[in-house]
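Listing of coords10.txt; format and content: compact mmCIF, C-alpha atoms.
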# COMPACT_ATOMS: atom_id res chain seq x y z
CA MET P 1 -13.95 23.64 1.15
CA LYS P 2 -11.93 23.17 4.33
CA GLN P 3 -8.17 23.08 3.75
CA LEU P 4 -6.25 20.64 5.99
CA GLY P 5 -2.67 21.08 7.14
CA LEU P 6 -0.64 18.08 5.96
CA ALA P 7 2.86 17.15 7.10
CA ILE P 8 5.01 14.35 5.72
CA ALA P 9 7.23 12.06 7.79
CA GLY P 10 9.86 10.52 5.55
CA ALA P 11 11.67 12.25 2.69
CA GLY P 12 12.26 9.25 0.42
CA TRP P 13 11.10 8.63 -3.12
CA ILE P 14 7.52 7.72 -2.16
CA ALA P 15 7.07 11.20 -0.68
CA ASP P 16 7.81 12.65 -4.12
CA PHE P 17 4.83 10.83 -5.59
CA TYR P 18 2.56 12.18 -2.86
CA PHE P 19 3.91 15.69 -3.34
CA ASP P 20 3.25 15.54 -7.10
CA ALA P 21 -0.30 14.40 -6.32
CA TYR P 22 -0.76 17.07 -3.65
CA LYS P 23 0.00 19.83 -6.17
CA HIS P 24 -3.28 19.00 -7.95
CA ILE P 25 -5.47 19.26 -4.83
CA THR P 26 -4.12 22.28 -2.92
CA ASP P 27 -7.72 23.34 -2.27
CA ARG P 28 -7.96 20.33 0.07
CA PHE P 29 -4.52 20.21 1.65
CA LYS P 30 -1.80 22.67 2.57
CA LEU P 31 1.63 21.07 2.84
CA VAL P 32 2.95 22.45 6.13
CA GLY P 33 6.30 20.68 6.34
CA CYS P 34 8.36 17.51 6.25
CA CYS P 35 10.79 15.61 8.48
CA GLY P 36 13.21 12.86 7.56
CA ASN P 37 16.24 10.81 8.51
CA PRO P 38 18.16 12.65 11.29
CA SER P 39 21.58 11.63 9.94
CA PRO P 40 23.74 14.40 8.41
CA GLU P 41 23.07 13.06 4.90
CA GLY P 42 19.38 12.74 5.71
CA ARG P 43 19.21 16.33 6.93
CA ARG P 44 20.95 17.53 3.78
CA ARG P 45 18.48 15.72 1.52
CA LEU P 46 15.55 16.93 3.60
CA ALA P 47 16.70 20.55 3.37
CA GLU P 48 17.03 20.25 -0.41
CA LYS P 49 13.60 18.68 -0.74
CA CYS P 50 11.83 21.20 1.49
CA LYS P 51 13.47 24.10 -0.36
CA LYS P 52 12.22 22.65 -3.63
CA TRP P 53 8.77 22.07 -2.17
CA GLU P 54 8.70 25.51 -0.57
CA THR P 55 7.73 24.10 2.80
CA LYS P 56 9.28 24.00 6.25
CA SER P 57 11.85 21.43 7.35
CA TYR P 58 11.27 19.93 10.80
CA SER P 59 14.30 18.97 12.88
CA SER P 60 12.42 16.03 14.42
CA TYR P 61 9.19 14.08 14.23
CA GLN P 62 8.17 15.49 17.60
CA GLU P 63 8.53 19.02 16.25
CA LEU P 64 6.21 18.03 13.40
CA LEU P 65 3.61 16.68 15.82
CA ASN P 66 3.82 19.79 18.01
CA ASP P 67 3.00 22.10 15.11
CA PRO P 68 -0.60 23.34 15.57
CA GLU P 69 -0.90 23.91 11.80
CA VAL P 70 -0.69 20.14 11.21
CA ASP P 71 -4.07 18.38 11.04
CA CYS P 72 -2.85 15.16 9.45
CA VAL P 73 0.38 13.28 8.83
CA GLY P 74 1.52 11.18 5.90
CA ILE P 75 3.82 8.52 7.37
CA MET P 76 6.21 7.49 4.60
CA SER P 77 9.19 6.34 6.64
CA PRO P 78 10.72 2.81 6.64
CA THR P 79 8.23 0.10 7.54
CA ASP P 80 9.63 -0.74 10.96
CA MET P 81 9.09 2.88 12.05
CA HIS P 82 5.42 3.04 11.06
CA PHE P 83 3.80 1.86 14.27
CA GLU P 84 5.62 4.15 16.69
CA GLN P 85 5.11 7.18 14.47
CA ALA P 86 1.46 6.30 13.86
CA GLN P 87 0.80 5.80 17.56
CA GLU P 88 2.44 9.10 18.50
CA ALA P 89 0.51 10.98 15.82
CA LEU P 90 -2.86 9.61 16.94
CA LYS P 91 -2.11 10.51 20.54
CA ALA P 92 -1.19 14.02 19.35
CA GLY P 93 -4.62 14.32 17.74
CA LYS P 94 -3.53 13.95 14.11
CA HIS P 95 -5.22 11.94 11.39
CA ILE P 96 -2.75 9.64 9.64
CA LEU P 97 -2.14 8.16 6.21
CA VAL P 98 0.36 5.32 6.62
CA GLU P 99 2.30 3.82 3.74
CA LYS P 100 2.06 0.08 3.22
CA PRO P 101 2.64 -2.23 4.93
CA VAL P 102 1.16 -0.30 7.84
CA SER P 103 2.89 -2.60 10.33
CA LEU P 104 4.65 -5.96 10.42
CA VAL P 105 3.05 -6.98 13.74
CA PRO P 106 -0.65 -7.98 13.96
CA ASP P 107 -1.00 -6.71 17.54
CA GLU P 108 0.25 -3.29 16.45
CA LEU P 109 -2.44 -3.05 13.79
CA ARG P 110 -5.08 -3.96 16.35
CA ARG P 111 -3.69 -1.29 18.67
CA LEU P 112 -3.92 1.33 15.95
CA ARG P 113 -7.58 0.44 15.37
CA GLU P 114 -8.20 0.89 19.10
CA LEU P 115 -6.34 4.20 19.21
CA SER P 116 -8.30 5.44 16.23
CA LYS P 117 -11.55 4.83 18.12
CA GLU P 118 -10.19 6.33 21.33
CA THR P 119 -8.88 9.50 19.71
CA GLY P 120 -11.49 9.98 16.99
CA ARG P 121 -8.72 10.24 14.40
CA ILE P 122 -8.56 8.06 11.30
CA VAL P 123 -5.89 5.57 10.30
CA PHE P 124 -5.79 5.41 6.51
CA PRO P 125 -3.53 2.77 4.90
CA GLY P 126 -1.70 3.90 1.78
CA HIS P 127 -3.36 1.19 -0.32
CA ASN P 128 -3.26 3.48 -3.33
CA PHE P 129 -4.03 0.92 -6.05
CA ALA P 130 -7.49 0.27 -4.57
CA TYR P 131 -8.43 3.90 -5.29
CA ARG P 132 -7.62 3.76 -8.99
CA PRO P 133 -10.73 4.19 -11.17
CA VAL P 134 -9.82 0.93 -12.96
CA ASP P 135 -10.08 -0.98 -9.68
CA ARG P 136 -13.26 0.77 -8.57
CA LYS P 137 -14.93 0.06 -11.94
CA ALA P 138 -13.75 -3.57 -11.87
CA LYS P 139 -15.24 -3.98 -8.39
CA ASP P 140 -18.59 -2.63 -9.60
CA ILE P 141 -18.62 -5.04 -12.55
CA ILE P 142 -17.77 -8.06 -10.38
CA ASP P 143 -20.41 -7.15 -7.80
CA SER P 144 -23.02 -6.66 -10.53
CA GLY P 145 -22.71 -10.31 -11.58
CA GLU P 146 -21.88 -9.34 -15.16
CA LEU P 147 -18.97 -11.82 -15.22
CA GLY P 148 -21.25 -14.67 -14.22
CA SER P 149 -19.65 -17.40 -12.14
CA VAL P 150 -16.07 -16.30 -11.44
CA SER P 151 -13.58 -19.17 -11.46
CA TYR P 152 -10.12 -17.61 -11.47
CA ALA P 153 -8.12 -14.47 -10.66
CA SER P 154 -4.48 -13.74 -11.40
CA LEU P 155 -2.56 -10.73 -10.07
CA ARG P 156 1.00 -10.27 -11.32
CA ALA P 157 3.73 -7.63 -10.98
CA VAL P 158 7.23 -8.03 -12.41
CA HIS P 159 9.94 -5.37 -12.18
CA PHE P 160 13.36 -4.57 -10.74
CA ILE P 161 13.83 -2.18 -7.82
CA PRO P 162 16.62 0.43 -7.63
CA ASP P 163 19.91 -0.96 -6.38
CA GLU P 164 19.94 1.52 -3.50
CA HIS P 165 16.60 0.15 -2.31
CA ALA P 166 17.88 -3.42 -2.43
CA ALA P 167 20.97 -2.35 -0.45
CA GLY P 168 19.08 -0.24 2.11
CA TRP P 169 16.69 -1.15 4.92
CA ARG P 170 14.72 -3.48 2.62
CA ARG P 171 17.73 -5.82 2.58
CA ILE P 172 17.35 -6.67 6.29
CA PHE P 173 14.43 -8.98 7.15
CA SER P 174 13.91 -7.54 10.66
CA HIS P 175 13.33 -4.09 9.10
CA SER P 176 11.37 -5.10 6.01
CA GLY P 177 9.43 -8.11 7.29
CA GLY P 178 10.15 -9.97 4.06
CA GLY P 179 11.10 -9.40 0.46
CA ALA P 180 9.22 -8.72 -2.75
CA MET P 181 5.83 -10.01 -1.57
CA MET P 182 5.82 -8.09 1.72
CA ASP P 183 6.93 -4.92 -0.04
CA SER P 184 5.51 -4.56 -3.56
CA GLY P 185 3.29 -7.62 -3.27
CA THR P 186 1.24 -5.97 -0.55
CA HIS P 187 -0.38 -3.97 -3.38
CA LEU P 188 -1.46 -7.18 -5.08
CA VAL P 189 -2.83 -8.82 -1.95
CA TYR P 190 -5.02 -5.93 -0.83
CA GLN P 191 -6.36 -5.64 -4.38
CA LEU P 192 -7.19 -9.35 -4.32
CA LEU P 193 -9.13 -8.83 -1.08
CA TYR P 194 -10.90 -5.79 -2.52
CA LEU P 195 -11.91 -7.48 -5.77
CA MET P 196 -12.38 -11.12 -4.71
CA GLY P 197 -12.91 -11.22 -0.94
CA ASP P 198 -11.29 -13.45 1.68
CA PRO P 199 -9.62 -16.68 0.51
CA LYS P 200 -9.77 -19.86 2.58
CA TRP P 201 -6.65 -21.90 1.69
CA LEU P 202 -3.12 -20.96 0.67
CA SER P 203 0.17 -22.42 -0.57
CA CYS P 204 3.33 -20.63 -1.61
CA PHE P 205 6.72 -20.94 -3.31
CA MET P 206 9.43 -18.28 -3.30
CA THR P 207 13.06 -17.84 -4.32
CA THR P 208 15.86 -15.29 -4.66
CA LYS P 209 17.41 -15.13 -8.12
CA HIS P 210 18.63 -11.55 -8.59
CA TYR P 211 19.08 -9.57 -5.34
CA SER P 212 21.25 -12.17 -3.62
CA SER P 213 22.32 -9.82 -0.81
CA MET P 214 18.72 -9.49 0.44
CA GLU P 215 17.53 -11.59 3.36
CA GLY P 216 14.04 -11.75 1.88
CA GLU P 217 12.86 -13.24 -1.41
CA ASP P 218 12.86 -11.42 -4.74
CA THR P 219 10.25 -13.70 -6.36
CA CYS P 220 7.14 -15.14 -4.71
CA GLN P 221 4.03 -16.98 -5.92
CA ILE P 222 0.97 -17.51 -3.72
CA SER P 223 -1.83 -19.86 -4.75
CA LEU P 224 -5.20 -19.47 -3.05
CA GLN P 225 -8.65 -21.06 -3.05
CA TYR P 226 -11.99 -19.78 -1.84
CA GLU P 227 -14.71 -21.73 -0.05
CA ASP P 228 -16.91 -21.54 -3.16
CA GLY P 229 -14.20 -23.10 -5.30
CA ARG P 230 -12.72 -19.99 -6.94
CA ILE P 231 -8.94 -20.05 -7.23
CA ALA P 232 -6.43 -17.20 -7.43
CA GLN P 233 -2.76 -16.60 -7.93
CA VAL P 234 -0.63 -13.69 -6.70
CA PHE P 235 2.83 -13.39 -8.28
CA GLN P 236 5.39 -10.72 -7.39
CA SER P 237 8.89 -10.67 -8.84
CA TRP P 238 11.86 -8.31 -8.58
CA SER P 239 14.00 -10.58 -10.75
CA SER P 240 13.04 -9.35 -14.23
CA SER P 241 12.44 -6.08 -16.05
CA ASP P 242 9.46 -7.51 -17.97
CA GLY P 243 6.93 -4.86 -17.05
CA SER P 244 4.52 -6.24 -19.63
CA ALA P 245 3.93 -9.19 -17.28
CA GLY P 246 2.10 -6.98 -14.80
CA GLU P 247 -1.67 -7.37 -14.91
CA ILE P 248 -4.84 -8.38 -13.12
CA ARG P 249 -7.12 -10.96 -14.78
CA ILE P 250 -10.48 -12.12 -13.47
CA GLN P 251 -12.33 -14.81 -15.40
CA GLY P 252 -16.01 -15.73 -15.29
CA ASP P 253 -18.24 -17.88 -17.46
CA LYS P 254 -20.03 -14.82 -18.86
CA GLY P 255 -17.18 -12.33 -19.06
CA ASN P 256 -13.55 -11.54 -18.31
CA LEU P 257 -11.75 -8.53 -16.86
CA LEU P 258 -8.20 -7.40 -17.56
CA ILE P 259 -6.36 -4.52 -15.90
CA ASP P 260 -3.08 -3.74 -17.66
CA GLY P 261 -1.00 -0.76 -18.72
CA GLU P 262 -3.78 0.52 -20.98
CA GLY P 263 -6.51 0.37 -18.37
CA LEU P 264 -9.53 -1.81 -17.59
CA HIS P 265 -10.87 -4.11 -20.31
CA LEU P 266 -14.16 -6.03 -20.20
CA ASN P 267 -14.23 -8.84 -22.75
CA GLY P 268 -11.48 -7.08 -24.68
CA ARG P 269 -13.23 -3.68 -24.72
CA LEU P 270 -11.39 -0.80 -23.01
CA LEU P 271 -13.70 0.76 -20.41
CA GLU P 272 -11.48 2.90 -18.17
CA THR P 273 -7.98 4.29 -18.73
CA ASP P 274 -7.21 5.91 -15.34
CA GLY P 275 -5.01 3.26 -13.76
CA ALA P 276 -1.56 4.85 -13.69
CA TYR P 277 0.62 4.42 -10.62
CA GLU P 278 1.31 8.16 -10.52
CA SER P 279 -2.34 9.24 -10.51
CA SER P 280 -3.25 6.66 -7.84
CA PHE P 281 -1.68 8.88 -5.17
CA MET P 282 -4.02 11.76 -5.96
CA HIS P 283 -7.02 9.44 -5.71
CA THR P 284 -5.66 8.18 -2.38
CA LEU P 285 -5.19 11.69 -0.97
CA ASN P 286 -8.72 12.60 -2.08
CA ALA P 287 -10.10 9.54 -0.29
CA PHE P 288 -8.03 10.39 2.80
CA TYR P 289 -9.52 13.89 2.76
CA GLU P 290 -13.07 12.56 2.46
CA GLY P 291 -12.40 10.17 5.31
CA ILE P 292 -11.47 13.10 7.54
CA VAL P 293 -14.10 15.68 6.59
CA SER P 294 -17.01 13.41 5.64
CA ASP P 295 -16.28 10.23 7.61
CA THR P 296 -16.22 8.27 4.36
CA PRO P 297 -14.75 4.83 5.15
CA ALA P 298 -11.62 3.66 3.37
CA VAL P 299 -12.28 1.04 0.69
CA SER P 300 -9.15 -0.74 1.93
CA GLY P 301 -8.72 0.09 5.61
CA VAL P 302 -6.91 -1.19 8.67
CA THR P 303 -8.92 -4.44 8.66
CA GLU P 304 -7.69 -5.08 5.11
CA ALA P 305 -4.15 -4.21 6.21
CA GLU P 306 -4.47 -6.87 8.93
CA LYS P 307 -5.72 -9.45 6.45
CA THR P 308 -3.01 -8.57 3.93
CA LEU P 309 -0.29 -9.00 6.54
CA PHE P 310 -1.82 -12.29 7.68
CA ILE P 311 -1.92 -13.67 4.13
CA ILE P 312 1.69 -12.73 3.36
CA GLN P 313 3.06 -14.00 6.66
CA SER P 314 1.05 -17.21 6.18
CA ALA P 315 2.53 -17.51 2.69
CA TYR P 316 6.04 -17.32 4.11
CA LYS P 317 5.17 -20.09 6.57
CA ALA P 318 3.64 -22.22 3.82
CA SER P 319 6.74 -21.80 1.66
CA GLN P 320 8.96 -23.06 4.48
CA SER P 321 6.71 -25.99 5.44
CA ARG P 322 5.56 -26.90 1.89
CA GLU P 323 2.03 -27.16 3.28
CA VAL P 324 -1.40 -25.91 2.27
CA LEU P 325 -2.61 -23.69 5.09
CA GLU P 326 -6.18 -22.89 6.07
CA LEU P 327 -6.77 -19.17 6.62
CA THR P 328 -8.93 -18.04 9.52
CA PHE P 329 -9.45 -14.28 9.61

Just give me the structure as structure tokens.
Amino acid sequence: MKQLGLAIAGAGWIADFYFDAYKHITDRFKLVGCCGNPSPEGRRRLAEKCKKWETKSYSSYQELLNDPEVDCVGIMSPTDMHFEQAQEALKAGKHILVEKPVSLVPDELRRLRELSKETGRIVFPGHNFAYRPVDRKAKDIIDSGELGSVSYASLRAVHFIPDEHAAGWRRIFSHSGGGAMMDSGTHLVYQLLYLMGDPKWLSCFMTTKHYSSMEGEDTCQISLQYEDGRIAQVFQSWSSSDGSAGEIRIQGDKGNLLIDGEGLHLNGRLLETDGAYESSFMHTLNAFYEGIVSDTPAVSGVTEAEKTLFIIQSAYKASQSREVLELTF
């Protein structure tokens, strides 16, 4: 098995999840090094992390890209840095895994698709929930017709975020592109697309009830309808600690699916238990590897990242105008 040199850009908490996943698949990747925030505090944290990880600490992103040992880059920096770093990496001949949202600008996503074709290097969105076995099994069941005529889907996530996250770059709309729905809710929207396909109409309500210093919302509800009449709801909240409210439900006239903390249930029967957030990163890295060495397409790729961004930005518009919007992908 070919081992690929992997470098990480961004030394925040999300990088820790990827590192923990990487430790289980060292036959596929070798962690070459990491770069982070160039501030004095950022350099200190990076040095501590790289010492713990037993990998090299780059003084800059350019140094990372210039390293011939690096075959691919995991871009885990703040959202508004993703495009420039992704573009530079592709031009340097590196494959890239980019944390969500990949970009906040539709034209930038289109440019990354073009660069991927031009350079022959893949752009792999960090849509980690789509690679969970519970999602893959649910997709198979839906596609098989076992649920019969599907009428309704509900995707919900409810949790607080750390105070330092609410006070950091996520607080500023120009850096984050929004609040709870653009950040955590991206996971829900790309899963909706994966499991249910493209919706046709959309309305939205949102509010801020807990993180009052944030420019974006901390609670958002999107209602959607499909051309065939199916309806769906996506609800993301950072204003409660009720983790039990997080779930995916899909209802048909012959069967019903539920994805919750236990796993995937079909008509109340537990079918698959591998749905943990932590393990999703290992499944994502494995899919990234297969995309590079075997040209296996991402189940939730750049096109899905474009659609996800379009839906969330449309939802923000609908919330302001109090209108039902028609979606044209």

Per residue of range 92-113 of chain P within 10 Å of range 1-16 of chain P, what are the shortest atom pair and its distance in Å to one decimal, counting all atoms listed in the file, with rows by chain and residue number, as CSV?
residue,atom,partner,partner_atom,distance
P:Lys94,CA,P:Leu6,CA,9.6
P:His95,CA,P:Leu6,CA,9.4
P:Ile96,CA,P:Leu6,CA,9.4
P:Leu97,CA,P:Ile8,CA,9.5
P:Val98,CA,P:Ala9,CA,9.7
P:Glu99,CA,P:Ile14,CA,8.8

Report task. Pick out the closest residue to Gly301 in chain P from this set: P:Arg45, P:Ser103, P:His127, P:Leu64. Count all atoms listed in the file. Result -> P:His127

Query raised in the report: Which is closer to Phe329 in chain P than all the others in P:Pro106, P:Gly261, P:Thr219, P:Ile142, using all atoms listed in the file?
Result: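 Of P:Pro106, P:Gly261, P:Thr219, P:Ile142, the one nearest Phe329 in chain P is P:Pro106, counting all atoms listed in the file.
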
Report task. Could you check how far CA of Ala157 in chain P sits from CA of Gln85 in chain P, in Å to one decimal? Result ->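 Atom-to-atom, CA of Ala157 in chain P to CA of Gln85 in chain P, that is 29.5 Å.
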
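The spacing separating CA of Ile312 in chain P from CA of Ser154 in chain P amounts to 16.0 Å.
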
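Note that the spacing between CA of Ala92 in chain P and CA of Leu31 in chain P amounts to 18.2 Å.
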